[in-house]
Amino acid sequence: MQNAARSLKVGALLVAAAVGGVALYRGLFQSQGRGDTYRVHAIFNDATGLVPRSRVLTAGIAIGEIERISLEGGRARVDLRIQTTVPLHRNGTVARRAVSLLGEFLLVVTPGTGDQPRLRDGDRINTVMEGSSTDEIVNNVAAITRDLQSVTQRLSAAVGNDAAERDMREILRNVT
(Lines give C-alpha, C1' and ligand atoms only; values in the text may rest on other atoms or scores of the structure.)
Protein backbone atom coordinates (compact mmCIF):
# COMPACT_ATOMS: atom_id res chain seq x y z
CA MET A 1 0.00 0.00 0.00
CA GLN A 2 2.83 2.34 0.85
CA ASN A 3 4.48 1.65 -2.52
CA ALA A 4 1.25 2.45 -4.33
CA ALA A 5 1.05 5.85 -2.56
CA ARG A 6 4.64 6.65 -3.55
CA SER A 7 3.99 5.62 -7.13
CA LEU A 8 0.90 7.84 -7.20
CA LYS A 9 2.89 10.81 -5.86
CA VAL A 10 5.66 10.31 -8.44
CA GLY A 11 3.08 10.00 -11.22
CA ALA A 12 1.32 13.20 -10.08
CA LEU A 13 4.66 15.01 -9.98
CA LEU A 14 5.47 13.88 -13.53
CA VAL A 15 2.08 15.03 -14.81
CA ALA A 16 2.53 18.43 -13.08
CA ALA A 17 6.03 18.77 -14.59
CA ALA A 18 4.69 17.96 -18.07
CA VAL A 19 1.89 20.53 -17.75
CA GLY A 20 4.38 23.12 -16.49
CA GLY A 21 6.75 22.35 -19.36
CA VAL A 22 4.01 22.80 -21.95
CA ALA A 23 2.94 26.09 -20.35
CA LEU A 24 6.54 27.33 -20.31
CA TYR A 25 7.05 26.35 -23.95
CA ARG A 26 3.89 28.15 -25.03
CA GLY A 27 4.83 31.26 -23.06
CA LEU A 28 8.40 31.47 -24.30
CA PHE A 29 8.40 30.11 -27.81
CA GLN A 30 5.08 30.90 -29.33
CA SER A 31 4.55 33.96 -31.45
CA GLN A 32 4.16 37.36 -29.76
CA GLY A 33 1.56 38.36 -32.32
CA ARG A 34 -1.43 36.15 -31.62
CA GLY A 35 -4.00 35.74 -34.36
CA ASP A 36 -3.72 36.94 -37.94
CA THR A 37 -0.49 38.63 -38.96
CA TYR A 38 1.23 40.04 -42.01
CA ARG A 39 4.91 40.39 -42.85
CA VAL A 40 6.91 43.51 -43.60
CA HIS A 41 10.65 44.06 -43.66
CA ALA A 42 13.23 46.79 -43.11
CA ILE A 43 16.87 47.13 -44.14
CA PHE A 44 19.39 48.06 -41.42
CA ASN A 45 23.08 48.91 -41.69
CA ASP A 46 23.63 47.21 -38.32
CA ALA A 47 21.39 44.56 -36.76
CA THR A 48 23.60 43.97 -33.73
CA GLY A 49 21.52 43.01 -30.69
CA LEU A 50 18.44 42.05 -32.70
CA VAL A 51 17.40 38.41 -32.56
CA PRO A 52 14.46 36.46 -33.99
CA ARG A 53 11.40 36.44 -31.72
CA SER A 54 12.34 39.84 -30.23
CA ARG A 55 9.39 42.10 -29.65
CA VAL A 56 8.19 44.82 -32.00
CA LEU A 57 6.46 47.65 -30.12
CA THR A 58 4.22 50.60 -30.88
CA ALA A 59 3.48 53.02 -28.04
CA GLY A 60 5.04 50.50 -25.64
CA ILE A 61 2.65 47.72 -26.68
CA ALA A 62 3.82 44.52 -28.38
CA ILE A 63 2.34 44.39 -31.89
CA GLY A 64 4.53 41.67 -33.36
CA GLU A 65 7.95 40.10 -33.42
CA ILE A 66 11.11 39.79 -35.47
CA GLU A 67 10.63 36.73 -37.62
CA ARG A 68 13.99 36.47 -39.37
CA ILE A 69 17.26 38.35 -39.90
CA SER A 70 19.23 37.79 -43.10
CA LEU A 71 21.91 39.42 -45.24
CA GLU A 72 20.77 41.30 -48.34
CA GLY A 73 23.28 43.21 -50.41
CA GLY A 74 25.73 43.66 -47.54
CA ARG A 75 23.04 45.00 -45.20
CA ALA A 76 20.75 43.34 -42.66
CA ARG A 77 17.22 42.52 -43.76
CA VAL A 78 14.91 42.20 -40.75
CA ASP A 79 11.57 40.50 -41.43
CA LEU A 80 8.76 41.44 -39.05
CA ARG A 81 5.46 39.72 -38.35
CA ILE A 82 2.85 42.35 -37.41
CA GLN A 83 -0.71 41.86 -36.13
CA THR A 84 -3.33 42.70 -38.76
CA THR A 85 -5.13 44.88 -36.22
CA VAL A 86 -2.20 47.33 -36.47
CA PRO A 87 -2.09 48.98 -39.90
CA LEU A 88 1.31 50.29 -41.02
CA HIS A 89 1.45 53.01 -43.67
CA ARG A 90 4.06 54.11 -46.23
CA ASN A 91 5.29 56.95 -43.99
CA GLY A 92 5.69 54.63 -41.00
CA THR A 93 9.10 54.23 -39.38
CA VAL A 94 11.04 51.56 -37.54
CA ALA A 95 13.75 52.25 -34.95
CA ARG A 96 16.17 50.03 -33.08
CA ARG A 97 16.07 50.80 -29.33
CA ALA A 98 18.29 49.53 -26.55
CA VAL A 99 16.57 47.42 -23.92
CA SER A 100 19.59 47.21 -21.62
CA LEU A 101 23.23 48.24 -21.36
CA LEU A 102 24.16 44.66 -22.27
CA GLY A 103 23.50 45.26 -25.96
CA GLU A 104 19.97 43.89 -26.23
CA PHE A 105 17.66 45.71 -28.63
CA LEU A 106 14.07 45.66 -29.80
CA LEU A 107 12.25 47.45 -32.59
CA VAL A 108 9.83 50.34 -32.17
CA VAL A 109 7.43 50.97 -35.04
CA THR A 110 5.58 54.20 -35.73
CA PRO A 111 2.59 53.23 -37.88
CA GLY A 112 2.44 56.40 -39.99
CA THR A 113 -0.67 58.31 -40.97
CA GLY A 114 -3.88 57.19 -42.59
CA ASP A 115 -3.48 59.57 -45.54
CA GLN A 116 -0.71 57.31 -46.88
CA PRO A 117 -1.26 53.88 -48.48
CA ARG A 118 -1.24 50.91 -46.12
CA LEU A 119 1.69 48.47 -46.25
CA ARG A 120 0.73 45.04 -47.51
CA ASP A 121 2.19 41.62 -46.83
CA GLY A 122 5.82 41.60 -48.05
CA ASP A 123 6.23 45.41 -48.28
CA ARG A 124 9.23 47.32 -46.94
CA ILE A 125 9.32 49.95 -44.20
CA ASN A 126 11.50 52.56 -45.90
CA THR A 127 12.30 54.90 -43.00
CA VAL A 128 14.77 53.25 -40.61
CA MET A 129 16.24 55.08 -37.61
CA GLU A 130 19.19 53.14 -36.31
CA GLY A 131 20.33 55.37 -33.43
CA SER A 132 23.70 55.12 -31.73
CA SER A 133 25.36 51.86 -30.96
CA THR A 134 26.91 51.11 -27.58
CA ASP A 135 30.38 51.31 -29.17
CA GLU A 136 29.69 54.81 -30.51
CA ILE A 137 28.53 55.98 -27.08
CA VAL A 138 31.62 54.54 -25.38
CA ASN A 139 33.88 56.18 -27.98
CA ASN A 140 32.17 59.56 -27.47
CA VAL A 141 32.56 59.31 -23.68
CA ALA A 142 36.26 58.45 -24.14
CA ALA A 143 36.75 61.53 -26.35
CA ILE A 144 35.01 63.75 -23.80
CA THR A 145 37.20 62.31 -21.04
CA ARG A 146 40.36 63.13 -23.05
CA ASP A 147 39.14 66.71 -23.54
CA LEU A 148 38.43 67.10 -19.82
CA GLN A 149 41.89 65.79 -18.94
CA SER A 150 43.43 68.35 -21.28
CA VAL A 151 41.46 71.18 -19.66
CA THR A 152 42.35 70.11 -16.11
CA GLN A 153 46.03 69.79 -17.04
CA ARG A 154 46.05 73.35 -18.43
CA LEU A 155 44.20 74.66 -15.38
CA SER A 156 46.65 72.91 -13.11
CA ALA A 157 49.60 74.41 -15.00
CA ALA A 158 48.06 77.90 -14.84
CA VAL A 159 46.99 77.86 -11.18
CA GLY A 160 49.11 75.13 -9.63
CA ASN A 161 52.26 77.15 -8.71
CA ASP A 162 53.32 79.56 -5.94
CA ALA A 163 53.05 82.71 -8.06
CA ALA A 164 49.51 81.83 -9.16
CA GLU A 165 48.54 81.13 -5.54
CA ARG A 166 49.80 84.61 -4.50
CA ASP A 167 47.91 86.20 -7.40
CA MET A 168 44.69 84.41 -6.42
CA ARG A 169 45.03 85.61 -2.79
CA GLU A 170 45.57 89.17 -4.02
CA ILE A 171 42.49 88.94 -6.27
CA LEU A 172 40.37 87.62 -3.39
CA ARG A 173 41.66 90.37 -1.07
CA ASN A 174 40.77 93.02 -3.66
CA VAL A 175 37.31 91.55 -4.16
CA THR A 176 36.56 91.65 -0.43
# chains A, B, ... in the order shown; residues from 1 in each chain; ligands from 1
>>> residues_around(residues="Gly114 in chain A", least_positions_apart="2", cutoff="12 Å", atoms="only C-alpha atoms", output="list in words")
Val86, Pro87, Leu88, His89, Arg90, Asn91, Gly92, Pro111, Gly112, Gln116, Pro117, Arg118 and Leu119 of chain A
>>> residues_around(residues="range 63-79 of chain A", least_positions_apart="6", cutoff="8 Å", atoms="only C-alpha atoms", output="list in words")
Ser31, Gln32, Gly33, Arg39, Val40, His41, Ala42, Ile43, Phe44, Asn45, Asp46, Ala47, Val51, Pro52, Arg53, Ser54, Arg55, Val56, Leu57 and Val86 of chain A
